[in-house]
Structures are given as C-alpha cells and as structure tokens.
Amino acid sequence: MSDQFKLLGDRTRMNIVSLLYGQELCVCQLVELMDTTQPNISQHLRKLKDAGLVREKRRGQWSYYHLQLEDKPHLQEIFKYVPSMNGKIKDKLSKLSCEIGA
C-alpha cells in the first residue's frame with residue numbers, strides 16, 4: 001500500500017487518476033486535458049500501469065486507459081473523496097476525440 005500511496009503522491013499522476021476515475025481516456029485526451037506532452041503522460045501512465053492501478057486497452061492505433069481498483073478497496077474508499085472534474089474540463093473533454101485526427 002505504501003508504494004501505491006507514494007506513486008499517487010505525485011501531482012501529475014494524481015491528476016491522471018482523477019481524470020480516469022469513472023471513465024476511460026486515450027493518451028491524446030490526457031495530453032490535451034493536462035496541457036503537457038505525450039511522452040510525459042506516457043511515462044506517468046507506465047508507472048501507474050506497472051503498479052497495477054491502470055489498465056490499457058488497445059483499439060486500433062489508440063491506447064485507452066482506465067483505473068483498475070477492483071482489488072484495491074483501500075484506494076476505492078479514498079477516491080470517493082477525489083474532486084470530480086469541473087465544468088470547464090468536462091466541456092473540453094466532450095470536444096476531444098482521438099479518431100478525428102486519424
């Protein structure tokens with residue numbers, strides 16, 4: 001558990017997990033929402049994936065990520081208190097689609 005909490009102590013990773021809470025997102029969507037680079041997001045996703053907190057699903061050329069919390073009740077309880085996305089982020093997300101640029 002301490003390794004998981006240490007991993008989530010990073011602001012970027014905590015923001016990624018917060019965005020993934022309750023939904024699946026593509027790397028390109030995370031890049032846009034967090035206003036950072038693809039290599040940066042991919043590095044953080046790799047760490048979350050290696051720790052078993054995030055799962056990857058490939059669809060064509062795109063990788064989609066979602067939280068893997070079923071076997072982590074201690075984290076399920078904590079994420080109940082993570083702030084949900086504000087309206088501005090939800091609006092921006094509704095306009096993003098990985099398939100558009102393909």
# chains A, B, ... in the order shown; residues from 1 in each chain; ligands from 1
$ residues_around --residues "stretch 1-4 of chain A" --least-positions-apart "3" --cutoff "8 Å" --atoms "only C-alpha atoms" --output "PyMOL selection string"
chain A and resi 7-8+51
$ residues_around --residues "A:Glu24" --least-positions-apart "2" --cutoff "8 Å" --atoms "only C-alpha atoms" --output "PyMOL selection string"
chain A and resi 20+22+26+64-67
$ write_last_selection --atoms "C-alpha atoms" --output "PDB file, in the first residue's frame"
ATOM      1  CA  LEU A  20      -9.629   8.367 -15.184  1.00  0.00           C
ATOM      2  CA  GLY A  22     -15.173   6.576 -13.656  1.00  0.00           C
ATOM      3  CA  CYS A  26      -6.946   7.945 -24.542  1.00  0.00           C
ATOM      4  CA  TYR A  64      -7.208   3.739 -23.828  1.00  0.00           C
ATOM      5  CA  TYR A  65      -6.659   3.682 -20.086  1.00  0.00           C
ATOM      6  CA  HIS A  66      -8.939   3.076 -17.136  1.00  0.00           C
ATOM      7  CA  LEU A  67      -8.464   2.591 -13.418  1.00  0.00           C
TER       8      LEU A  67
END
$ select_by_dssp --residues "stretch 22-88 of chain A" --states "strand (DSSP E or B)" --output "ChimeraX atom specification"
/A:25-26,54-59,62-67
$ write_last_selection --atoms "N, CA, C and O atoms" --output "short mmCIF file (atom, residue, chain, number, x, y, z; two decimals), in the first residue's frame"
data_model
loop_
_atom_site.label_atom_id
_atom_site.label_comp_id
_atom_site.auth_asym_id
_atom_site.auth_seq_id
_atom_site.Cartn_x
_atom_site.Cartn_y
_atom_site.Cartn_z
N LEU A 25 -9.99 6.98 -20.88
CA LEU A 25 -9.47 8.06 -21.72
C LEU A 25 -8.27 7.58 -22.52
O LEU A 25 -7.51 6.71 -22.09
N CYS A 26 -8.09 8.20 -23.67
CA CYS A 26 -6.95 7.95 -24.54
C CYS A 26 -5.80 8.87 -24.12
O CYS A 26 -6.02 9.93 -23.53
N VAL A 54 -3.65 1.09 -13.23
CA VAL A 54 -4.27 1.48 -14.50
C VAL A 54 -4.13 0.30 -15.48
O VAL A 54 -3.12 -0.40 -15.47
N ARG A 55 -5.15 0.10 -16.28
CA ARG A 55 -5.11 -0.92 -17.34
C ARG A 55 -5.20 -0.24 -18.69
O ARG A 55 -5.85 0.79 -18.84
N GLU A 56 -4.55 -0.86 -19.64
CA GLU A 56 -4.52 -0.34 -21.02
C GLU A 56 -5.35 -1.26 -21.91
O GLU A 56 -5.30 -2.48 -21.79
N LYS A 57 -6.10 -0.64 -22.81
CA LYS A 57 -6.88 -1.39 -23.80
C LYS A 57 -6.58 -0.78 -25.16
O LYS A 57 -6.74 0.42 -25.36
N ARG A 58 -6.11 -1.62 -26.08
CA ARG A 58 -5.79 -1.15 -27.43
C ARG A 58 -7.01 -1.24 -28.31
O ARG A 58 -7.73 -2.22 -28.30
N ARG A 59 -7.24 -0.18 -29.08
CA ARG A 59 -8.28 -0.16 -30.10
C ARG A 59 -7.65 0.45 -31.34
O ARG A 59 -7.49 1.68 -31.40
N TRP A 62 -4.90 3.32 -31.17
CA TRP A 62 -5.06 4.08 -29.94
C TRP A 62 -5.04 3.19 -28.70
O TRP A 62 -5.55 2.09 -28.72
N SER A 63 -4.47 3.71 -27.64
CA SER A 63 -4.47 3.04 -26.34
C SER A 63 -5.37 3.83 -25.40
O SER A 63 -5.20 5.04 -25.25
N TYR A 64 -6.30 3.13 -24.79
CA TYR A 64 -7.21 3.74 -23.83
C TYR A 64 -6.88 3.19 -22.44
O TYR A 64 -6.53 2.02 -22.29
N TYR A 65 -7.02 4.04 -21.45
CA TYR A 65 -6.66 3.68 -20.09
C TYR A 65 -7.85 3.86 -19.16
O TYR A 65 -8.66 4.76 -19.33
N HIS A 66 -7.92 2.96 -18.18
CA HIS A 66 -8.94 3.08 -17.14
C HIS A 66 -8.35 2.57 -15.83
O HIS A 66 -7.36 1.82 -15.82
N LEU A 67 -8.96 2.99 -14.73
CA LEU A 67 -8.46 2.59 -13.42
C LEU A 67 -8.76 1.13 -13.15
O LEU A 67 -9.79 0.60 -13.57
#
$ atom_distance --atom1 "atom CA of A:Phe5" --atom2 "atom CA of A:Val27"
22.8 Å
$ select_by_dssp --residues "chain A" --states "alpha helix (DSSP H)" --output "ChimeraX atom specification"
/A:2-8,11-20,27-34,38-50,73-79,87-94
$ write_last_selection --atoms "N, CA and C atoms" --output "compact mmCIF listing (two decimals), in the first residue's frame"
# COMPACT_ATOMS: atom_id res chain seq x y z
N SER A 2 1.97 1.22 0.72
CA SER A 2 2.80 2.42 0.79
C SER A 2 3.34 2.79 -0.58
N ASP A 3 3.68 1.79 -1.39
CA ASP A 3 4.16 2.07 -2.75
C ASP A 3 3.07 2.74 -3.58
N GLN A 4 1.84 2.28 -3.42
CA GLN A 4 0.72 2.88 -4.16
C GLN A 4 0.49 4.32 -3.72
N PHE A 5 0.54 4.57 -2.43
CA PHE A 5 0.34 5.93 -1.94
C PHE A 5 1.49 6.84 -2.36
N LYS A 6 2.70 6.30 -2.35
CA LYS A 6 3.86 7.08 -2.81
C LYS A 6 3.70 7.46 -4.28
N LEU A 7 3.25 6.51 -5.08
CA LEU A 7 3.03 6.74 -6.51
C LEU A 7 1.99 7.84 -6.71
N LEU A 8 0.94 7.83 -5.91
CA LEU A 8 -0.12 8.82 -6.04
C LEU A 8 0.24 10.16 -5.40
N ARG A 11 1.72 14.88 -8.13
CA ARG A 11 0.55 15.66 -8.55
C ARG A 11 0.06 15.26 -9.95
N THR A 12 0.98 15.05 -10.87
CA THR A 12 0.58 14.68 -12.23
C THR A 12 -0.14 13.34 -12.25
N ARG A 13 0.42 12.36 -11.54
CA ARG A 13 -0.22 11.05 -11.52
C ARG A 13 -1.56 11.10 -10.80
N MET A 14 -1.65 11.89 -9.75
CA MET A 14 -2.93 12.03 -9.05
C MET A 14 -3.97 12.68 -9.97
N ASN A 15 -3.56 13.65 -10.75
CA ASN A 15 -4.47 14.29 -11.71
C ASN A 15 -4.92 13.30 -12.78
N ILE A 16 -4.01 12.48 -13.27
CA ILE A 16 -4.36 11.47 -14.26
C ILE A 16 -5.39 10.51 -13.67
N VAL A 17 -5.13 10.02 -12.47
CA VAL A 17 -6.04 9.09 -11.82
C VAL A 17 -7.40 9.75 -11.59
N SER A 18 -7.38 11.01 -11.21
CA SER A 18 -8.64 11.74 -11.00
C SER A 18 -9.43 11.83 -12.31
N LEU A 19 -8.76 12.07 -13.41
CA LEU A 19 -9.43 12.14 -14.71
C LEU A 19 -9.95 10.77 -15.14
N LEU A 20 -9.23 9.71 -14.79
CA LEU A 20 -9.63 8.37 -15.18
C LEU A 20 -10.71 7.77 -14.27
N VAL A 27 -4.58 8.48 -24.45
CA VAL A 27 -3.41 9.31 -24.14
C VAL A 27 -3.58 10.71 -24.72
N CYS A 28 -4.07 10.80 -25.95
CA CYS A 28 -4.19 12.12 -26.58
C CYS A 28 -5.18 13.00 -25.82
N GLN A 29 -6.22 12.42 -25.24
CA GLN A 29 -7.16 13.20 -24.44
C GLN A 29 -6.49 13.69 -23.15
N LEU A 30 -5.71 12.82 -22.53
CA LEU A 30 -5.00 13.22 -21.31
C LEU A 30 -3.98 14.32 -21.60
N VAL A 31 -3.30 14.23 -22.73
CA VAL A 31 -2.33 15.26 -23.12
C VAL A 31 -3.03 16.61 -23.22
N GLU A 32 -4.17 16.65 -23.89
CA GLU A 32 -4.91 17.90 -24.06
C GLU A 32 -5.46 18.42 -22.74
N LEU A 33 -6.05 17.54 -21.95
CA LEU A 33 -6.65 17.97 -20.68
C LEU A 33 -5.62 18.48 -19.69
N MET A 34 -4.44 17.89 -19.71
CA MET A 34 -3.42 18.27 -18.74
C MET A 34 -2.41 19.26 -19.31
N GLN A 38 2.98 14.26 -24.79
CA GLN A 38 2.64 12.84 -24.85
C GLN A 38 3.68 11.99 -24.11
N PRO A 39 4.99 12.24 -24.28
CA PRO A 39 5.96 11.43 -23.53
C PRO A 39 5.80 11.56 -22.02
N ASN A 40 5.46 12.75 -21.54
CA ASN A 40 5.25 12.96 -20.11
C ASN A 40 4.08 12.12 -19.61
N ILE A 41 2.95 12.19 -20.30
CA ILE A 41 1.77 11.42 -19.91
C ILE A 41 2.07 9.93 -19.99
N SER A 42 2.72 9.50 -21.06
CA SER A 42 3.04 8.08 -21.23
C SER A 42 3.93 7.55 -20.12
N GLN A 43 4.89 8.36 -19.69
CA GLN A 43 5.78 7.95 -18.60
C GLN A 43 4.99 7.74 -17.31
N HIS A 44 4.09 8.67 -17.00
CA HIS A 44 3.28 8.53 -15.78
C HIS A 44 2.31 7.37 -15.89
N LEU A 45 1.71 7.17 -17.06
CA LEU A 45 0.81 6.04 -17.25
C LEU A 45 1.55 4.71 -17.11
N ARG A 46 2.78 4.65 -17.59
CA ARG A 46 3.57 3.42 -17.46
C ARG A 46 3.78 3.08 -15.99
N LYS A 47 4.10 4.09 -15.18
CA LYS A 47 4.30 3.84 -13.75
C LYS A 47 3.02 3.38 -13.09
N LEU A 48 1.90 4.00 -13.44
CA LEU A 48 0.61 3.61 -12.88
C LEU A 48 0.23 2.20 -13.33
N LYS A 49 0.53 1.89 -14.57
CA LYS A 49 0.24 0.57 -15.12
C LYS A 49 1.12 -0.50 -14.45
N ASP A 50 2.41 -0.21 -14.29
CA ASP A 50 3.33 -1.15 -13.63
C ASP A 50 2.89 -1.44 -12.20
N PRO A 73 -9.53 -2.15 -2.30
CA PRO A 73 -10.59 -1.44 -1.58
C PRO A 73 -10.10 -0.20 -0.83
N HIS A 74 -8.84 -0.21 -0.39
CA HIS A 74 -8.30 0.95 0.30
C HIS A 74 -8.26 2.18 -0.62
N LEU A 75 -7.98 1.97 -1.91
CA LEU A 75 -7.97 3.08 -2.86
C LEU A 75 -9.39 3.45 -3.31
N GLN A 76 -10.26 2.46 -3.40
CA GLN A 76 -11.65 2.75 -3.76
C GLN A 76 -12.24 3.74 -2.77
N GLU A 77 -11.97 3.52 -1.51
CA GLU A 77 -12.51 4.39 -0.46
C GLU A 77 -11.93 5.80 -0.58
N ILE A 78 -10.65 5.91 -0.84
CA ILE A 78 -10.00 7.22 -0.97
C ILE A 78 -10.55 8.00 -2.16
N PHE A 79 -10.75 7.31 -3.28
CA PHE A 79 -11.18 8.00 -4.49
C PHE A 79 -12.60 8.53 -4.41
N GLY A 87 -16.71 21.84 -14.67
CA GLY A 87 -17.43 22.02 -15.92
C GLY A 87 -16.54 22.34 -17.10
N LYS A 88 -15.50 23.13 -16.87
CA LYS A 88 -14.59 23.51 -17.95
C LYS A 88 -13.87 22.29 -18.52
N ILE A 89 -13.43 21.40 -17.64
CA ILE A 89 -12.73 20.19 -18.09
C ILE A 89 -13.71 19.25 -18.79
N LYS A 90 -14.91 19.11 -18.25
CA LYS A 90 -15.92 18.26 -18.89
C LYS A 90 -16.25 18.77 -20.29
N ASP A 91 -16.35 20.09 -20.42
CA ASP A 91 -16.66 20.68 -21.72
C ASP A 91 -15.52 20.41 -22.71
N LYS A 92 -14.29 20.59 -22.26
CA LYS A 92 -13.12 20.35 -23.11
C LYS A 92 -13.05 18.88 -23.52
N LEU A 93 -13.33 17.99 -22.58
CA LEU A 93 -13.29 16.56 -22.86
C LEU A 93 -14.35 16.16 -23.88
N SER A 94 -15.50 16.76 -23.80
CA SER A 94 -16.58 16.41 -24.74
C SER A 94 -16.22 16.76 -26.19
